[in-house]
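Below is one structure, written out as structure tokens; the observations come after it.
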Amino acid sequence: MRAYERLLKYVKVHTTSDPNSGTHPSTLRQFDLAKILVEELKELGLTDAHVDEHCYVYATLPATPGQESAAPLGLIAHMDTADDASGENVRPQIHENYDGEAVTLPATGTVLDPEVFPFLREMKGQTLITTDGSTLLGADDKAGVAEIMTALERIISENRPHGKLCIGFTPDEEIGEGASLFDVEGFGAAYAYTVDGEDVGEISYENFNAAAAVVTVHGFSVHPGSAKNTMINAQNVAMEFHAALPAFSRPEHTEGREGFFHLTSMQGDVTTAHLGYIVRDHDAAEFAARKAQMQHIAACLNDRYGAGTVELDIKDSYYNMLEKIQPHFHLVENARKAIRAAGLEPIETPVRGGTDGATLSYMGLPCPNLGTGGFNFHGPCECITAEKMDQGVEILLNLVELYK
């Protein structure tokens, strides 16, 4: 099977994760795809394939004779889809020999216009796969799953020499918990790649350092008619806090490696107010400075309004994987070689977000991320091409060759 044929099968399985469930996995429906993958892995000859109680799929392909000394290589993708758009009853649309012009999605009339999405012009002549406009597609990351499965089939059917290959398919990546219960030791890989990026040929080995911050303001309420020099309006103090952060350092004004403070929630009344933030920066020193800046603002407001008026709780979420990748930079160098061998030029961009690879890298499994060939993830404009997925498979095969 070609990778896109597997994708068409996988996207029809509803696997949306739920950020509010509090369970692991967050939705039982993710087991539906996990069980399908276990059976397919066993059919390919990976006899130890299994899914654990938390919906992590693991399997190994032993090294071929003479390759036992090669470092075990892991390939990882996630099974869940984001809840930003429906992932149920996905109806992929196939546009063979795509003409490079605007595409109307039949269920909603939504138009994929190259004027809005210039990358579409580069797909002219390819087999374009879109949604019908009523759901997301699920190429994030079922394309990664399909490419790994297809590469495995090719390796086995073509009797390609290889070192030990460790395969992992995870739940709940879209809610930031894909690596939370990953069994790194049991997985058995020395190094790994997640296959979960956008355009094929992409290599990601830098991501944000991240923290979540909650500001709680305690006010003092009295009748507004006699409030002078007495009332402390928690909402106004909260607005002072937010105004003290640099306005130019918000997501809508930043790009590349520029970090930000992002106000994600706000609520309150005169007595109590809450602000929720995410804090991001690629540079560790700048990341620490951002957190220190918030602490300084809280201290200044407490000096002005009284101790305890403003409480600030900051919790780190994840860190830039670059620190853990640099000692094993052969992962990036070999990815570049594998991509060039597939006829592409590597695309290296810092991730303005997180990735399971970052968490896994800090868990002891150095793990950069590779592109799948998809675009416009998490919404009804999501798309991919069969040819880009074929190239994704070739890149994986080239990597396996390099690590044997």
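In the structure tokens, chains take letters A, B, ... by order of appearance, with residues numbered from 1 within each chain and ligands from 1 in the order shown.
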
Return as a ChimeraX atom specification the full set of residues in region 180-369 of chain A whose backbone-based DSSP assignment is helix (DSSP H, G or I).
/A:184-187,224-226,234-244,251-253,284-305,322-328,330-341,356-362

With 7 Å as the cut-off and only C-alpha atoms counted, what is the closest atom pair between each nearby residue of region 132-232 of chain A and region 48-62 of chain A? Distances in Å to one decimal, ordered by chain and number, as JSON lines.
{"residue": "A:Lys164", "atom": "CA", "partner": "A:Pro62", "partner_atom": "CA", "distance": 4.7}
{"residue": "A:Leu165", "atom": "CA", "partner": "A:Leu61", "partner_atom": "CA", "distance": 5.1}
{"residue": "A:Cys166", "atom": "CA", "partner": "A:Thr60", "partner_atom": "CA", "distance": 4.6}
{"residue": "A:Ile167", "atom": "CA", "partner": "A:Ala59", "partner_atom": "CA", "distance": 5.1}
{"residue": "A:Gly168", "atom": "CA", "partner": "A:Tyr58", "partner_atom": "CA", "distance": 4.8}
{"residue": "A:Phe169", "atom": "CA", "partner": "A:Val57", "partner_atom": "CA", "distance": 5.0}
{"residue": "A:Thr170", "atom": "CA", "partner": "A:Tyr56", "partner_atom": "CA", "distance": 4.9}
{"residue": "A:Pro171", "atom": "CA", "partner": "A:Cys55", "partner_atom": "CA", "distance": 6.1}
{"residue": "A:Phe187", "atom": "CA", "partner": "A:Tyr58", "partner_atom": "CA", "distance": 7.0}

Near-Lys404 (chain A) list (7 Å; only C-alpha atoms; drop same-chain fewer than 3 positions) as a PyMOL selection string:
chain A and resi 67+70+162-163+400-401

For Gly371 (chain A), find every residue with an atom within 8 Å (counting only C-alpha atoms), except residues of its own chain fewer than 2 positions away, and show them as a list in words.
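Answer for this query is Val195, Asp196, Gly197, Glu198, Asp199, Val200, Gly201, Glu202, Ile203, Asn369, Gly373, Gly374 and Gly392 of chain A.
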
For N, CA, C and O atoms, I'd like the residues from the last selection saved as an mmCIF file, in the first residue's frame.
data_model
loop_
_atom_site.group_PDB
_atom_site.id
_atom_site.type_symbol
_atom_site.label_atom_id
_atom_site.label_comp_id
_atom_site.auth_asym_id
_atom_site.auth_seq_id
_atom_site.Cartn_x
_atom_site.Cartn_y
_atom_site.Cartn_z
ATOM 1 N N VAL A 195 7.392 11.776 13.766
ATOM 2 C CA VAL A 195 7.003 12.126 12.391
ATOM 3 C C VAL A 195 5.684 12.863 12.512
ATOM 4 O O VAL A 195 4.600 12.288 12.448
ATOM 5 N N ASP A 196 5.768 14.178 12.745
ATOM 6 C CA ASP A 196 4.586 14.934 13.161
ATOM 7 C C ASP A 196 4.654 16.402 12.747
ATOM 8 O O ASP A 196 4.026 17.254 13.352
ATOM 9 N N GLY A 197 5.452 16.699 11.710
ATOM 10 C CA GLY A 197 5.565 18.078 11.279
ATOM 11 C C GLY A 197 4.700 18.375 10.067
ATOM 12 O O GLY A 197 3.858 17.559 9.671
ATOM 13 N N GLU A 198 4.922 19.516 9.475
ATOM 14 C CA GLU A 198 4.134 19.919 8.311
ATOM 15 C C GLU A 198 4.839 19.468 7.025
ATOM 16 O O GLU A 198 4.899 18.276 6.755
ATOM 17 N N ASP A 199 5.326 20.375 6.223
ATOM 18 C CA ASP A 199 5.791 20.010 4.896
ATOM 19 C C ASP A 199 6.899 18.956 4.949
ATOM 20 O O ASP A 199 7.753 18.963 5.839
ATOM 21 N N VAL A 200 6.856 18.040 3.994
ATOM 22 C CA VAL A 200 7.870 16.999 3.926
ATOM 23 C C VAL A 200 9.230 17.649 3.693
ATOM 24 O O VAL A 200 9.357 18.640 2.969
ATOM 25 N N GLY A 201 10.254 17.130 4.351
ATOM 26 C CA GLY A 201 11.575 17.731 4.294
ATOM 27 C C GLY A 201 11.868 18.626 5.478
ATOM 28 O O GLY A 201 12.990 19.098 5.651
ATOM 29 N N GLU A 202 10.874 18.838 6.313
ATOM 30 C CA GLU A 202 11.047 19.672 7.499
ATOM 31 C C GLU A 202 11.779 18.888 8.592
ATOM 32 O O GLU A 202 11.519 17.710 8.804
ATOM 33 N N ILE A 203 12.714 19.567 9.261
ATOM 34 C CA ILE A 203 13.355 19.027 10.461
ATOM 35 C C ILE A 203 13.175 20.057 11.570
ATOM 36 O O ILE A 203 13.519 21.222 11.392
ATOM 37 N N ASN A 369 11.975 16.181 15.228
ATOM 38 C CA ASN A 369 10.698 15.961 14.547
ATOM 39 C C ASN A 369 10.855 16.129 13.045
ATOM 40 O O ASN A 369 11.574 17.006 12.576
ATOM 41 N N GLY A 373 4.238 16.243 5.260
ATOM 42 C CA GLY A 373 3.712 16.669 3.967
ATOM 43 C C GLY A 373 2.375 17.363 4.062
ATOM 44 O O GLY A 373 1.792 17.745 3.043
ATOM 45 N N GLY A 374 1.866 17.545 5.290
ATOM 46 C CA GLY A 374 0.547 18.152 5.476
ATOM 47 C C GLY A 374 0.603 19.643 5.744
ATOM 48 O O GLY A 374 1.645 20.197 6.107
ATOM 49 N N GLY A 392 7.889 11.338 2.198
ATOM 50 C CA GLY A 392 8.072 11.118 3.625
ATOM 51 C C GLY A 392 8.522 9.695 3.920
ATOM 52 O O GLY A 392 9.392 9.463 4.774
#

Determine, counting only C-alpha atoms, which protein, DNA and RNA residues have an atom within 10 Å of an atom of region 5-8 of chain A; residues of the same chain fewer than 5 positions away are not included. Present the result as a list in words.
Val13, Val90, Arg91, Pro92, Gln93, Ile94, Ile129, Leu137, Gly138, Ala139, Asp141, Lys142, Ala143, Gly144, Val145, Ala146, Glu147, Met149, Thr150, Ala386 and Met389 of chain A

Please, could you write that set of residues out with N, CA, C and O atoms as a JSON list (two decimals), in the first residue's frame?
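Once everything was written out, this is selection_8.json:
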[["chain", "number", "residue", "atom", "x", "y", "z"],
["A", 13, "VAL", "N", -11.29, 6.78, 11.35],
["A", 13, "VAL", "CA", -11.43, 6.36, 12.74],
["A", 13, "VAL", "C", -11.41, 7.60, 13.62],
["A", 13, "VAL", "O", -10.45, 8.37, 13.61],
["A", 90, "VAL", "N", -15.07, 11.76, 9.06],
["A", 90, "VAL", "CA", -14.19, 12.43, 8.11],
["A", 90, "VAL", "C", -14.39, 11.81, 6.72],
["A", 90, "VAL", "O", -14.36, 10.59, 6.56],
["A", 91, "ARG", "N", -14.59, 12.66, 5.74],
["A", 91, "ARG", "CA", -14.82, 12.22, 4.36],
["A", 91, "ARG", "C", -13.75, 12.85, 3.46],
["A", 91, "ARG", "O", -13.95, 13.94, 2.91],
["A", 92, "PRO", "N", -12.63, 12.18, 3.29],
["A", 92, "PRO", "CA", -11.56, 12.74, 2.47],
["A", 92, "PRO", "C", -11.99, 12.92, 1.02],
["A", 92, "PRO", "O", -12.74, 12.11, 0.47],
["A", 93, "GLN", "N", -11.51, 13.99, 0.41],
["A", 93, "GLN", "CA", -11.77, 14.27, -1.00],
["A", 93, "GLN", "C", -10.46, 14.13, -1.77],
["A", 93, "GLN", "O", -9.44, 14.71, -1.39],
["A", 94, "ILE", "N", -10.49, 13.34, -2.86],
["A", 94, "ILE", "CA", -9.30, 13.08, -3.65],
["A", 94, "ILE", "C", -9.35, 13.92, -4.93],
["A", 94, "ILE", "O", -10.32, 13.84, -5.69],
["A", 129, "ILE", "N", -5.28, 15.71, -1.36],
["A", 129, "ILE", "CA", -6.28, 15.15, -0.46],
["A", 129, "ILE", "C", -6.74, 16.25, 0.48],
["A", 129, "ILE", "O", -5.93, 16.86, 1.18],
["A", 137, "LEU", "N", -9.00, 16.92, 8.60],
["A", 137, "LEU", "CA", -8.62, 15.72, 7.86],
["A", 137, "LEU", "C", -8.01, 14.66, 8.78],
["A", 137, "LEU", "O", -8.33, 13.48, 8.68],
["A", 138, "GLY", "N", -7.14, 15.10, 9.68],
["A", 138, "GLY", "CA", -6.47, 14.15, 10.57],
["A", 138, "GLY", "C", -5.10, 13.74, 10.07],
["A", 138, "GLY", "O", -4.50, 12.81, 10.60],
["A", 139, "ALA", "N", -4.58, 14.44, 9.05],
["A", 139, "ALA", "CA", -3.20, 14.17, 8.62],
["A", 139, "ALA", "C", -2.24, 14.45, 9.77],
["A", 139, "ALA", "O", -1.15, 13.87, 9.83],
["A", 141, "ASP", "N", -2.03, 13.44, 13.24],
["A", 141, "ASP", "CA", -0.77, 12.98, 12.70],
["A", 141, "ASP", "C", -0.93, 11.58, 12.09],
["A", 141, "ASP", "O", -0.01, 10.77, 12.12],
["A", 142, "LYS", "N", -2.09, 11.32, 11.54],
["A", 142, "LYS", "CA", -2.29, 10.01, 10.93],
["A", 142, "LYS", "C", -1.46, 9.86, 9.66],
["A", 142, "LYS", "O", -1.18, 8.73, 9.23],
["A", 143, "ALA", "N", -1.02, 10.98, 9.08],
["A", 143, "ALA", "CA", -0.07, 10.89, 7.98],
["A", 143, "ALA", "C", 1.26, 10.33, 8.48],
["A", 143, "ALA", "O", 1.89, 9.50, 7.82],
["A", 144, "GLY", "N", 1.69, 10.78, 9.65],
["A", 144, "GLY", "CA", 2.92, 10.25, 10.24],
["A", 144, "GLY", "C", 2.80, 8.77, 10.54],
["A", 144, "GLY", "O", 3.72, 7.99, 10.28],
["A", 145, "VAL", "N", 1.65, 8.36, 11.09],
["A", 145, "VAL", "CA", 1.41, 6.95, 11.36],
["A", 145, "VAL", "C", 1.49, 6.15, 10.05],
["A", 145, "VAL", "O", 2.15, 5.10, 9.97],
["A", 146, "ALA", "N", 0.81, 6.65, 9.02],
["A", 146, "ALA", "CA", 0.76, 5.95, 7.74],
["A", 146, "ALA", "C", 2.14, 5.84, 7.10],
["A", 146, "ALA", "O", 2.49, 4.80, 6.50],
["A", 147, "GLU", "N", 2.94, 6.88, 7.21],
["A", 147, "GLU", "CA", 4.27, 6.86, 6.61],
["A", 147, "GLU", "C", 5.18, 5.87, 7.33],
["A", 147, "GLU", "O", 5.96, 5.15, 6.70],
["A", 149, "MET", "N", 4.16, 3.17, 8.98],
["A", 149, "MET", "CA", 3.67, 1.83, 8.65],
["A", 149, "MET", "C", 4.09, 1.43, 7.23],
["A", 149, "MET", "O", 4.47, 0.28, 6.98],
["A", 150, "THR", "N", 4.04, 2.35, 6.31],
["A", 150, "THR", "CA", 4.41, 2.06, 4.93],
["A", 150, "THR", "C", 5.90, 1.80, 4.81],
["A", 150, "THR", "O", 6.34, 0.89, 4.09],
["A", 386, "ALA", "N", -0.55, 12.81, -1.93],
["A", 386, "ALA", "CA", -0.03, 11.45, -1.94],
["A", 386, "ALA", "C", 1.47, 11.45, -2.22],
["A", 386, "ALA", "O", 2.24, 10.67, -1.62],
["A", 389, "MET", "N", 3.57, 12.40, 0.77],
["A", 389, "MET", "CA", 3.64, 11.27, 1.70],
["A", 389, "MET", "C", 4.62, 10.21, 1.20],
["A", 389, "MET", "O", 5.35, 9.61, 2.00]]

May I have the residues within 9 Å of Leu181 (chain A) as a list of chain:residue names, using only C-alpha atoms and disregarding those fewer than 2 positions away in the same chain?
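The filter keeps A:His24, A:His54, A:Tyr56, A:Glu177, A:Gly178, A:Ala179, A:Asp183, A:Val184.
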
Can I get the selection written as a PDB file, in the first residue's frame, with N, CA and C atoms?
ATOM      1  N   HIS A  24      -6.403   8.907  31.191  1.00  0.00           N
ATOM      2  CA  HIS A  24      -5.296   8.522  30.304  1.00  0.00           C
ATOM      3  C   HIS A  24      -5.601   7.155  29.702  1.00  0.00           C
ATOM      4  N   HIS A  54      -2.893   2.503  28.729  1.00  0.00           N
ATOM      5  CA  HIS A  54      -3.020   3.938  28.499  1.00  0.00           C
ATOM      6  C   HIS A  54      -3.058   4.296  27.009  1.00  0.00           C
ATOM      7  N   TYR A  56      -0.938   3.384  24.504  1.00  0.00           N
ATOM      8  CA  TYR A  56       0.326   3.518  23.790  1.00  0.00           C
ATOM      9  C   TYR A  56       0.595   2.217  23.043  1.00  0.00           C
ATOM     10  N   GLU A 177      -0.158  15.702  26.253  1.00  0.00           N
ATOM     11  CA  GLU A 177       0.115  14.575  27.147  1.00  0.00           C
ATOM     12  C   GLU A 177       0.604  13.337  26.397  1.00  0.00           C
ATOM     13  N   GLY A 178       1.040  13.523  25.157  1.00  0.00           N
ATOM     14  CA  GLY A 178       1.425  12.382  24.350  1.00  0.00           C
ATOM     15  C   GLY A 178       2.615  11.614  24.881  1.00  0.00           C
ATOM     16  N   ALA A 179       3.526  12.296  25.561  1.00  0.00           N
ATOM     17  CA  ALA A 179       4.714  11.620  26.087  1.00  0.00           C
ATOM     18  C   ALA A 179       4.623  11.371  27.585  1.00  0.00           C
ATOM     19  N   ASP A 183       6.767   4.837  27.796  1.00  0.00           N
ATOM     20  CA  ASP A 183       7.735   3.955  28.447  1.00  0.00           C
ATOM     21  C   ASP A 183       9.057   4.003  27.674  1.00  0.00           C
ATOM     22  N   VAL A 184       9.877   4.994  28.000  1.00  0.00           N
ATOM     23  CA  VAL A 184      11.132   5.178  27.270  1.00  0.00           C
ATOM     24  C   VAL A 184      12.036   3.966  27.430  1.00  0.00           C
TER      25      VAL A 184
END

Of the listed residues A:Ala34, A:Ala244, A:Cys300, A:Cys381, that which approaches Ala85 (chain A) most closely, counting only C-alpha atoms:
A:Cys381

Nearest candidate to Ala234 (chain A) (options A:Asp269, A:Asp283, A:Asp132, A:Glu122; using only C-alpha atoms):
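Ranked by minimum distance to Ala234 (chain A), first place goes to A:Asp269.
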
Taking the DSSP secondary structure from the backbone, can you list the residues of region 84-234 of chain A that are strand (DSSP E or B), as a JSON list (two decimals) with N, CA and C atoms, in the first residue's frame?
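The resulting file, out_6.json, is shown below:
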[["chain", "number", "residue", "atom", "x", "y", "z"],
["A", 93, "GLN", "N", -11.51, 13.99, 0.41],
["A", 93, "GLN", "CA", -11.77, 14.27, -1.00],
["A", 93, "GLN", "C", -10.46, 14.13, -1.77],
["A", 94, "ILE", "N", -10.49, 13.34, -2.86],
["A", 94, "ILE", "CA", -9.30, 13.08, -3.65],
["A", 94, "ILE", "C", -9.35, 13.92, -4.93],
["A", 95, "HIS", "N", -8.34, 14.72, -5.14],
["A", 95, "HIS", "CA", -8.26, 15.58, -6.33],
["A", 95, "HIS", "C", -7.05, 15.13, -7.15],
["A", 103, "VAL", "N", -9.95, 25.27, -4.82],
["A", 103, "VAL", "CA", -10.74, 24.06, -4.62],
["A", 103, "VAL", "C", -11.89, 24.39, -3.68],
["A", 104, "THR", "N", -13.11, 24.03, -4.10],
["A", 104, "THR", "CA", -14.29, 24.23, -3.25],
["A", 104, "THR", "C", -14.61, 22.94, -2.52],
["A", 111, "VAL", "N", -13.56, 27.54, 0.38],
["A", 111, "VAL", "CA", -12.66, 27.55, -0.77],
["A", 111, "VAL", "C", -11.21, 27.53, -0.30],
["A", 112, "LEU", "N", -10.46, 26.57, -0.81],
["A", 112, "LEU", "CA", -9.01, 26.57, -0.63],
["A", 112, "LEU", "C", -8.42, 27.33, -1.80],
["A", 128, "LEU", "N", -4.02, 15.65, -4.64],
["A", 128, "LEU", "CA", -4.34, 16.45, -3.45],
["A", 128, "LEU", "C", -5.46, 15.78, -2.66],
["A", 129, "ILE", "N", -5.28, 15.71, -1.36],
["A", 129, "ILE", "CA", -6.28, 15.15, -0.46],
["A", 129, "ILE", "C", -6.74, 16.25, 0.48],
["A", 130, "THR", "N", -8.05, 16.52, 0.49],
["A", 130, "THR", "CA", -8.62, 17.56, 1.34],
["A", 130, "THR", "C", -9.76, 16.97, 2.17],
["A", 165, "LEU", "N", 14.52, -1.61, 15.04],
["A", 165, "LEU", "CA", 13.60, -0.49, 14.90],
["A", 165, "LEU", "C", 12.53, -0.58, 15.97],
["A", 166, "CYS", "N", 12.31, 0.52, 16.65],
["A", 166, "CYS", "CA", 11.33, 0.59, 17.73],
["A", 166, "CYS", "C", 10.20, 1.52, 17.28],
["A", 167, "ILE", "N", 8.98, 1.02, 17.31],
["A", 167, "ILE", "CA", 7.83, 1.75, 16.79],
["A", 167, "ILE", "C", 6.93, 2.15, 17.95],
["A", 168, "GLY", "N", 6.51, 3.41, 17.97],
["A", 168, "GLY", "CA", 5.60, 3.88, 19.01],
["A", 168, "GLY", "C", 4.52, 4.78, 18.44],
["A", 169, "PHE", "N", 3.28, 4.49, 18.79],
["A", 169, "PHE", "CA", 2.15, 5.35, 18.43],
["A", 169, "PHE", "C", 1.47, 5.78, 19.71],
["A", 170, "THR", "N", 1.31, 7.09, 19.88],
["A", 170, "THR", "CA", 0.89, 7.63, 21.17],
["A", 170, "THR", "C", -0.49, 8.27, 21.11],
["A", 191, "TYR", "N", 17.85, 6.44, 20.03],
["A", 191, "TYR", "CA", 17.43, 7.71, 19.45],
["A", 191, "TYR", "C", 16.10, 7.49, 18.76],
["A", 192, "ALA", "N", 15.41, 8.60, 18.48],
["A", 192, "ALA", "CA", 14.13, 8.45, 17.79],
["A", 192, "ALA", "C", 13.82, 9.72, 17.01],
["A", 193, "TYR", "N", 12.85, 9.59, 16.13],
["A", 193, "TYR", "CA", 12.28, 10.73, 15.42],
["A", 193, "TYR", "C", 10.77, 10.67, 15.59],
["A", 194, "THR", "N", 10.15, 11.79, 15.93],
["A", 194, "THR", "CA", 8.72, 11.89, 15.78],
["A", 194, "THR", "C", 8.44, 12.33, 14.35],
["A", 195, "VAL", "N", 7.39, 11.78, 13.77],
["A", 195, "VAL", "CA", 7.00, 12.13, 12.39],
["A", 195, "VAL", "C", 5.68, 12.86, 12.51],
["A", 196, "ASP", "N", 5.77, 14.18, 12.75],
["A", 196, "ASP", "CA", 4.59, 14.93, 13.16],
["A", 196, "ASP", "C", 4.65, 16.40, 12.75],
["A", 197, "GLY", "N", 5.45, 16.70, 11.71],
["A", 197, "GLY", "CA", 5.57, 18.08, 11.28],
["A", 197, "GLY", "C", 4.70, 18.38, 10.07],
["A", 202, "GLU", "N", 10.87, 18.84, 6.31],
["A", 202, "GLU", "CA", 11.05, 19.67, 7.50],
["A", 202, "GLU", "C", 11.78, 18.89, 8.59],
["A", 203, "ILE", "N", 12.71, 19.57, 9.26],
["A", 203, "ILE", "CA", 13.35, 19.03, 10.46],
["A", 203, "ILE", "C", 13.18, 20.06, 11.57],
["A", 204, "SER", "N", 12.66, 19.63, 12.69],
["A", 204, "SER", "CA", 12.50, 20.53, 13.84],
["A", 204, "SER", "C", 13.30, 19.98, 15.00],
["A", 207, "ASN", "N", 12.41, 24.13, 19.94],
["A", 207, "ASN", "CA", 11.04, 24.50, 20.27],
["A", 207, "ASN", "C", 11.07, 25.48, 21.44],
["A", 209, "ASN", "N", 10.77, 27.07, 25.13],
["A", 209, "ASN", "CA", 10.64, 26.81, 26.56],
["A", 209, "ASN", "C", 9.27, 27.36, 26.94],
["A", 210, "ALA", "N", 8.56, 26.66, 27.80],
["A", 210, "ALA", "CA", 7.17, 27.03, 28.04],
["A", 210, "ALA", "C", 6.82, 26.98, 29.52],
["A", 211, "ALA", "N", 5.97, 27.93, 29.92],
["A", 211, "ALA", "CA", 5.43, 27.94, 31.28],
["A", 211, "ALA", "C", 4.00, 28.43, 31.23],
["A", 212, "ALA", "N", 3.24, 28.03, 32.24],
["A", 212, "ALA", "CA", 1.88, 28.54, 32.44],
["A", 212, "ALA", "C", 1.90, 29.41, 33.70],
["A", 213, "ALA", "N", 1.27, 30.56, 33.62],
["A", 213, "ALA", "CA", 1.24, 31.48, 34.76],
["A", 213, "ALA", "C", -0.19, 31.86, 35.09],
["A", 214, "VAL", "N", -0.51, 31.85, 36.38],
["A", 214, "VAL", "CA", -1.83, 32.26, 36.85],
["A", 214, "VAL", "C", -1.65, 33.42, 37.82],
["A", 215, "VAL", "N", -2.28, 34.53, 37.53],
["A", 215, "VAL", "CA", -2.26, 35.71, 38.39],
["A", 215, "VAL", "C", -3.60, 35.79, 39.12],
["A", 216, "THR", "N", -3.56, 35.81, 40.43],
["A", 216, "THR", "CA", -4.77, 35.95, 41.24],
["A", 216, "THR", "C", -4.68, 37.26, 42.03],
["A", 217, "VAL", "N", -5.67, 38.11, 41.85],
["A", 217, "VAL", "CA", -5.69, 39.41, 42.52],
["A", 217, "VAL", "C", -6.80, 39.42, 43.56],
["A", 218, "HIS", "N", -6.45, 39.80, 44.79],
["A", 218, "HIS", "CA", -7.42, 39.90, 45.88],
["A", 218, "HIS", "C", -7.73, 41.37, 46.13],
["A", 220, "PHE", "N", -10.54, 44.57, 47.57],
["A", 220, "PHE", "CA", -11.28, 44.92, 48.80],
["A", 220, "PHE", "C", -12.49, 45.72, 48.36],
["A", 232, "ILE", "N", -10.14, 48.48, 46.78],
["A", 232, "ILE", "CA", -9.15, 47.96, 45.84],
["A", 232, "ILE", "C", -9.91, 47.07, 44.87]]

I want to know what sits within 9 Å of region 310-327 of chain A, based on only C-alpha atoms, with residues of the same chain fewer than 2 positions away left out; could you give that as a VMD selection string?
chain A and resid 205 to 219 234 237 to 238 279 281 to 284 291 294 to 295 298 to 299 301 to 302 305 to 308 329 to 332 354 to 355 357 to 362 364 to 368

Out of A:Thr385, A:Gln235, A:Asn20, A:Asn159, which residue has the shortest atom-to-atom distance to Pro65 (chain A) when counting only C-alpha atoms?
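The answer is A:Asn159, which sits nearest to Pro65 (chain A).
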
Straight-line distance linking CA of Phe31 (chain A) with CA of Pro72 (chain A), stated in Å to one decimal
26.6 Å

CA of Gly74 (chain A) to CA of Ala189 (chain A): how many Å, to one decimal?
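A separation of 5.3 Å between them.
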
Could you state the separation of CA of Glu158 (chain A) and CA of Glu40 (chain A) in Å, given to one decimal place?
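Value for the CA of Glu158 (chain A)-CA of Glu40 (chain A) distance: 17.5 Å.
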
Among listed residues A:Leu245, A:Leu402, A:Ile384, A:Leu46, nearest His296 (chain A) (using only C-alpha atoms):
A:Leu245
